[in-house]
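These notes are about the structure you will find just below.
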Amino acid sequence: MKPKADKQVTWVELFFDLVFVFAVTQLSDLLHHGHGWGSVGQAVVVLVPTYWAWVGMAVHANTRDVNNTPDRLGILALSLCGLFMALATPLAYEERGLMFGAAYFAQRSLLAALYFRGRPFELVNPFTLSVCVTGPLLLAGGLLDSGTRVWVWAAAAAIDLAAPVLTRSHLVRITFHPHHLPERFGLLLIIAMGEPILAIGAQASSARPLAVGSIGAVAAAFVLACALWWVYFIFAAESLPKALDEAVIRTDLIRRVFSYGHLAFIGSIMAMAVGMAEVVSHPGQVFAAPVTALLFGGCALYFATFCYARWHIFGKWSGPQLAMPVAILAIIPISLQAPALLSVACLVLVVMTFNFLEHSRARSESDALT
């Protein structure tokens, strides 16, 4: 049976998202306190299970009606587990590793119980894989020393990421609602985009006095955030429900664009938030190399992911889309010599130019069709 196209996000799902708001802030703290590759790797390893737990709940809510008391109570319990994961995140590689692993294991076990309630149990399933493999790995990793823990957790993260491929034969039999998932993942991206706003706001509000350079940095960072919002929500988001409606194998598009693509989107935004906070704090100073890598590398990843998603949605891309990651990385030599405010201004100029060209291209295509 074809699902109704008007399935909407429920209030309990939005309440669940509140925990993810806190989780994103906690994850960003790992990058704010350490900008090196080791810190980035640790943040990614913790991001994957946090994100995957959210994806699991989104899939559960998409494939069944959760507007009932047992599911509402279950999702609230999932929120509590997510809250403990978020609380543990800043010290996940120190004394709160066991809390993080136990909270994840509990959340995935509870989610599997909700998913299989009223359904036949299947052993080869993303939910059972999390309960039987990745959850125990995270729990066991929390008992190990930090050096070993990161590798055990990295293995668990890799298995979680591979789950949609390993269990594809099960997923292709699921009937997904095509309008609900784009809305859910769009809301998730809005949550992630709140982190740069919080970062620049926190830095500016604590400045005494708030210098002219810092005011300019706030404006530049905010315009950059707005331009990135425009890229996703104007040039891609509105096409996602139609793409899912028309997809030959809906599950494959969901896996590629939503499960994997949006993980890259969120990671890139978190990386950029570090650079935006630094430019507001020290607009006249030159970016340190690790901060430059996070800001410009994160922005390049954002546009590379946009190209990847557009290709899977439309089967094509434009020259400006392909050129953007290269153009952004080309600014890095400037950023290593120029004041931070000037570097961000250059980045804003490049992104705004892309938006103008993409808007002109879309309008030309629309005019040609009429």
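Letters for chains follow the order of the structure tokens (A, B, ...), residue numbers begin at 1 for each chain, and ligand numbers begin at 1 in the order shown.
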Who sits within 12 Å of segment 199-205 of chain A, only C-alpha atoms, same chain under 4 positions skipped, as an MDAnalysis selection string:
chainID A and resid 24:26 28:29 31:32 192:195 209:225 269:283
May I have the selected residues written with N, CA and C atoms, as a compact mmCIF listing (two decimals), in the first residue's frame?
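Once written, again_29.txt looks like this:
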```
# COMPACT_ATOMS: atom_id res chain seq x y z
N VAL A 24 24.28 18.63 20.07
CA VAL A 24 25.12 19.33 19.09
C VAL A 24 26.05 20.31 19.79
N THR A 25 25.52 21.02 20.77
CA THR A 25 26.35 21.96 21.54
C THR A 25 27.47 21.22 22.27
N GLN A 26 27.15 20.09 22.87
CA GLN A 26 28.16 19.31 23.58
C GLN A 26 29.21 18.74 22.62
N SER A 28 30.11 20.09 19.80
CA SER A 28 30.94 21.22 19.35
C SER A 28 32.00 21.59 20.37
N ASP A 29 31.69 21.35 21.66
CA ASP A 29 32.67 21.65 22.70
C ASP A 29 33.95 20.85 22.51
N LEU A 31 35.36 20.17 19.73
CA LEU A 31 36.16 20.86 18.72
C LEU A 31 36.64 22.21 19.23
N HIS A 32 35.83 22.88 20.04
CA HIS A 32 36.24 24.18 20.56
C HIS A 32 37.45 24.07 21.49
N ALA A 192 21.30 21.97 13.64
CA ALA A 192 22.76 22.07 13.49
C ALA A 192 23.18 23.49 13.16
N MET A 193 22.41 24.17 12.31
CA MET A 193 22.75 25.55 11.94
C MET A 193 22.58 26.52 13.10
N GLY A 194 21.86 26.10 14.12
CA GLY A 194 21.78 26.94 15.31
C GLY A 194 23.09 27.01 16.06
N GLU A 195 23.97 26.01 15.89
CA GLU A 195 25.23 25.99 16.62
C GLU A 195 26.15 27.16 16.23
N PRO A 209 34.94 45.73 25.82
CA PRO A 209 33.73 46.17 25.12
C PRO A 209 33.59 45.41 23.79
N LEU A 210 32.47 45.60 23.13
CA LEU A 210 32.24 44.97 21.83
C LEU A 210 32.80 45.91 20.76
N ALA A 211 34.00 45.57 20.26
CA ALA A 211 34.70 46.45 19.32
C ALA A 211 34.04 46.42 17.95
N VAL A 212 34.42 47.42 17.14
CA VAL A 212 33.87 47.52 15.79
C VAL A 212 34.22 46.28 14.98
N GLY A 213 35.45 45.79 15.15
CA GLY A 213 35.86 44.59 14.42
C GLY A 213 35.01 43.39 14.77
N SER A 214 34.67 43.25 16.04
CA SER A 214 33.83 42.12 16.47
C SER A 214 32.41 42.25 15.91
N ILE A 215 31.91 43.48 15.86
CA ILE A 215 30.58 43.70 15.28
C ILE A 215 30.58 43.29 13.80
N GLY A 216 31.64 43.68 13.10
CA GLY A 216 31.76 43.29 11.69
C GLY A 216 31.88 41.78 11.54
N ALA A 217 32.60 41.15 12.48
CA ALA A 217 32.76 39.70 12.42
C ALA A 217 31.44 38.98 12.67
N VAL A 218 30.64 39.50 13.61
CA VAL A 218 29.32 38.92 13.86
C VAL A 218 28.47 39.00 12.59
N ALA A 219 28.48 40.17 11.95
CA ALA A 219 27.69 40.35 10.74
C ALA A 219 28.16 39.41 9.63
N ALA A 220 29.47 39.30 9.44
CA ALA A 220 30.00 38.46 8.38
C ALA A 220 29.68 36.98 8.63
N ALA A 221 29.87 36.54 9.88
CA ALA A 221 29.59 35.14 10.22
C ALA A 221 28.11 34.82 10.07
N PHE A 222 27.26 35.78 10.45
CA PHE A 222 25.83 35.55 10.32
C PHE A 222 25.40 35.50 8.86
N VAL A 223 25.95 36.38 8.04
CA VAL A 223 25.63 36.36 6.61
C VAL A 223 26.08 35.04 6.00
N LEU A 224 27.23 34.53 6.43
CA LEU A 224 27.70 33.24 5.94
C LEU A 224 26.72 32.13 6.31
N ALA A 225 26.24 32.16 7.56
CA ALA A 225 25.26 31.16 7.99
C ALA A 225 23.98 31.26 7.16
N ILE A 269 28.94 21.73 9.36
CA ILE A 269 28.44 22.90 10.08
C ILE A 269 29.10 23.03 11.44
N MET A 270 29.26 21.91 12.14
CA MET A 270 29.93 21.95 13.44
C MET A 270 31.37 22.43 13.31
N ALA A 271 32.05 22.00 12.25
CA ALA A 271 33.43 22.45 12.03
C ALA A 271 33.46 23.95 11.77
N MET A 272 32.54 24.45 10.95
CA MET A 272 32.51 25.88 10.64
C MET A 272 32.19 26.72 11.87
N ALA A 273 31.39 26.18 12.79
CA ALA A 273 31.04 26.92 13.99
C ALA A 273 32.28 27.31 14.79
N VAL A 274 33.30 26.45 14.79
CA VAL A 274 34.54 26.75 15.51
C VAL A 274 35.21 27.98 14.91
N GLY A 275 35.33 28.00 13.58
CA GLY A 275 35.94 29.15 12.92
C GLY A 275 35.14 30.43 13.10
N MET A 276 33.82 30.34 13.07
CA MET A 276 32.99 31.53 13.26
C MET A 276 33.17 32.11 14.66
N ALA A 277 33.26 31.24 15.65
CA ALA A 277 33.49 31.71 17.01
C ALA A 277 34.86 32.39 17.14
N GLU A 278 35.87 31.84 16.47
CA GLU A 278 37.22 32.41 16.54
C GLU A 278 37.30 33.78 15.88
N VAL A 279 36.60 33.96 14.77
CA VAL A 279 36.68 35.25 14.08
C VAL A 279 35.99 36.33 14.90
N VAL A 280 34.94 36.00 15.63
CA VAL A 280 34.28 36.98 16.49
C VAL A 280 35.17 37.32 17.68
N SER A 281 35.88 36.31 18.20
CA SER A 281 36.77 36.55 19.36
C SER A 281 38.00 37.36 18.98
N HIS A 282 38.58 37.08 17.79
CA HIS A 282 39.83 37.72 17.39
C HIS A 282 39.76 38.13 15.92
N PRO A 283 38.94 39.14 15.60
CA PRO A 283 38.75 39.50 14.19
C PRO A 283 40.00 40.03 13.51
```
Exercise: segment 56-66 of chain A partners within 8 Å, only C-alpha atoms, chain neighbours under 5 positions left out, as a PDB file with N, CA and C atoms, in the first residue's frame:
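Just written: around.pdb:
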```pdb
ATOM      1  N   THR A  10       5.299  14.834  14.416  1.00  0.00           N
ATOM      2  CA  THR A  10       4.478  14.915  15.625  1.00  0.00           C
ATOM      3  C   THR A  10       5.164  15.768  16.686  1.00  0.00           C
ATOM      4  N   GLU A  13       8.084  14.072  18.491  1.00  0.00           N
ATOM      5  CA  GLU A  13       9.334  14.074  17.724  1.00  0.00           C
ATOM      6  C   GLU A  13      10.077  15.390  17.918  1.00  0.00           C
ATOM      7  N   ASP A  71       4.073   4.676  22.281  1.00  0.00           N
ATOM      8  CA  ASP A  71       5.165   5.257  21.510  1.00  0.00           C
ATOM      9  C   ASP A  71       5.585   6.615  22.056  1.00  0.00           C
ATOM     10  N   ARG A  72       4.630   7.410  22.513  1.00  0.00           N
ATOM     11  CA  ARG A  72       5.000   8.701  23.100  1.00  0.00           C
ATOM     12  C   ARG A  72       5.884   8.498  24.329  1.00  0.00           C
ATOM     13  N   ILE A  75       9.334   7.310  23.217  1.00  0.00           N
ATOM     14  CA  ILE A  75      10.174   8.367  22.639  1.00  0.00           C
ATOM     15  C   ILE A  75      10.668   9.311  23.736  1.00  0.00           C
ATOM     16  N   LEU A 111      14.709   1.500  21.466  1.00  0.00           N
ATOM     17  CA  LEU A 111      14.206   1.790  20.126  1.00  0.00           C
ATOM     18  C   LEU A 111      13.855   0.504  19.387  1.00  0.00           C
ATOM     19  N   TYR A 115      10.306  -0.494  17.837  1.00  0.00           N
ATOM     20  CA  TYR A 115      10.176  -0.796  16.413  1.00  0.00           C
ATOM     21  C   TYR A 115       9.516  -2.148  16.185  1.00  0.00           C
ATOM     22  N   PHE A 127      18.149  -2.201  13.468  1.00  0.00           N
ATOM     23  CA  PHE A 127      17.867  -2.052  14.887  1.00  0.00           C
ATOM     24  C   PHE A 127      18.483  -3.193  15.696  1.00  0.00           C
ATOM     25  N   ILE A 174      10.614  -1.938   3.227  1.00  0.00           N
ATOM     26  CA  ILE A 174       9.908  -0.986   4.085  1.00  0.00           C
ATOM     27  C   ILE A 174       9.250   0.087   3.224  1.00  0.00           C
ATOM     28  N   THR A 175       8.048   0.460   3.578  1.00  0.00           N
ATOM     29  CA  THR A 175       7.347   1.549   2.901  1.00  0.00           C
ATOM     30  C   THR A 175       7.581   2.836   3.679  1.00  0.00           C
ATOM     31  N   PHE A 176       8.313   3.761   3.087  1.00  0.00           N
ATOM     32  CA  PHE A 176       8.628   5.028   3.732  1.00  0.00           C
ATOM     33  C   PHE A 176       7.665   6.122   3.258  1.00  0.00           C
ATOM     34  N   HIS A 177       7.312   7.013   4.167  1.00  0.00           N
ATOM     35  CA  HIS A 177       6.508   8.176   3.796  1.00  0.00           C
ATOM     36  C   HIS A 177       7.427   9.234   3.192  1.00  0.00           C
ATOM     37  N   HIS A 180       7.526  13.030   5.053  1.00  0.00           N
ATOM     38  CA  HIS A 180       7.908  13.132   6.455  1.00  0.00           C
ATOM     39  C   HIS A 180       9.425  13.227   6.628  1.00  0.00           C
ATOM     40  N   LEU A 181      10.172  12.374   5.925  1.00  0.00           N
ATOM     41  CA  LEU A 181      11.628  12.358   6.098  1.00  0.00           C
ATOM     42  C   LEU A 181      12.301  13.659   5.677  1.00  0.00           C
ATOM     43  N   ARG A 184      11.792  16.025   8.505  1.00  0.00           N
ATOM     44  CA  ARG A 184      12.562  15.674   9.696  1.00  0.00           C
ATOM     45  C   ARG A 184      14.031  16.056   9.533  1.00  0.00           C
TER      46      ARG A 184
END
```
Output as a ChimeraX atom specification all residues of segment 144-242 of chain A that backbone DSSP marks as helix (DSSP H, G or I).
/A:146-166,168-171,180-206,212-235,237-242
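Contact shell of Gln285 of chain A at 10 Å (only C-alpha atoms; same-chain neighbours under 6 positions omitted): Glu278, Val279, Gln337, Ala338, Pro339, Ala340, Leu341 and Leu342 of chain A.
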Between A:Phe22, A:Phe105, A:Trp54, A:Phe296, single out the one closest to Thr89 of chain A, counting only C-alpha atoms.
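When distances to Thr89 of chain A are compared using only C-alpha atoms, the smallest one comes from A:Phe22.
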I'd like to know which of A:Pro49, A:Gly147, A:Pro290, A:Pro126 is closest to His33 of chain A, using only C-alpha atoms.
A:Pro290
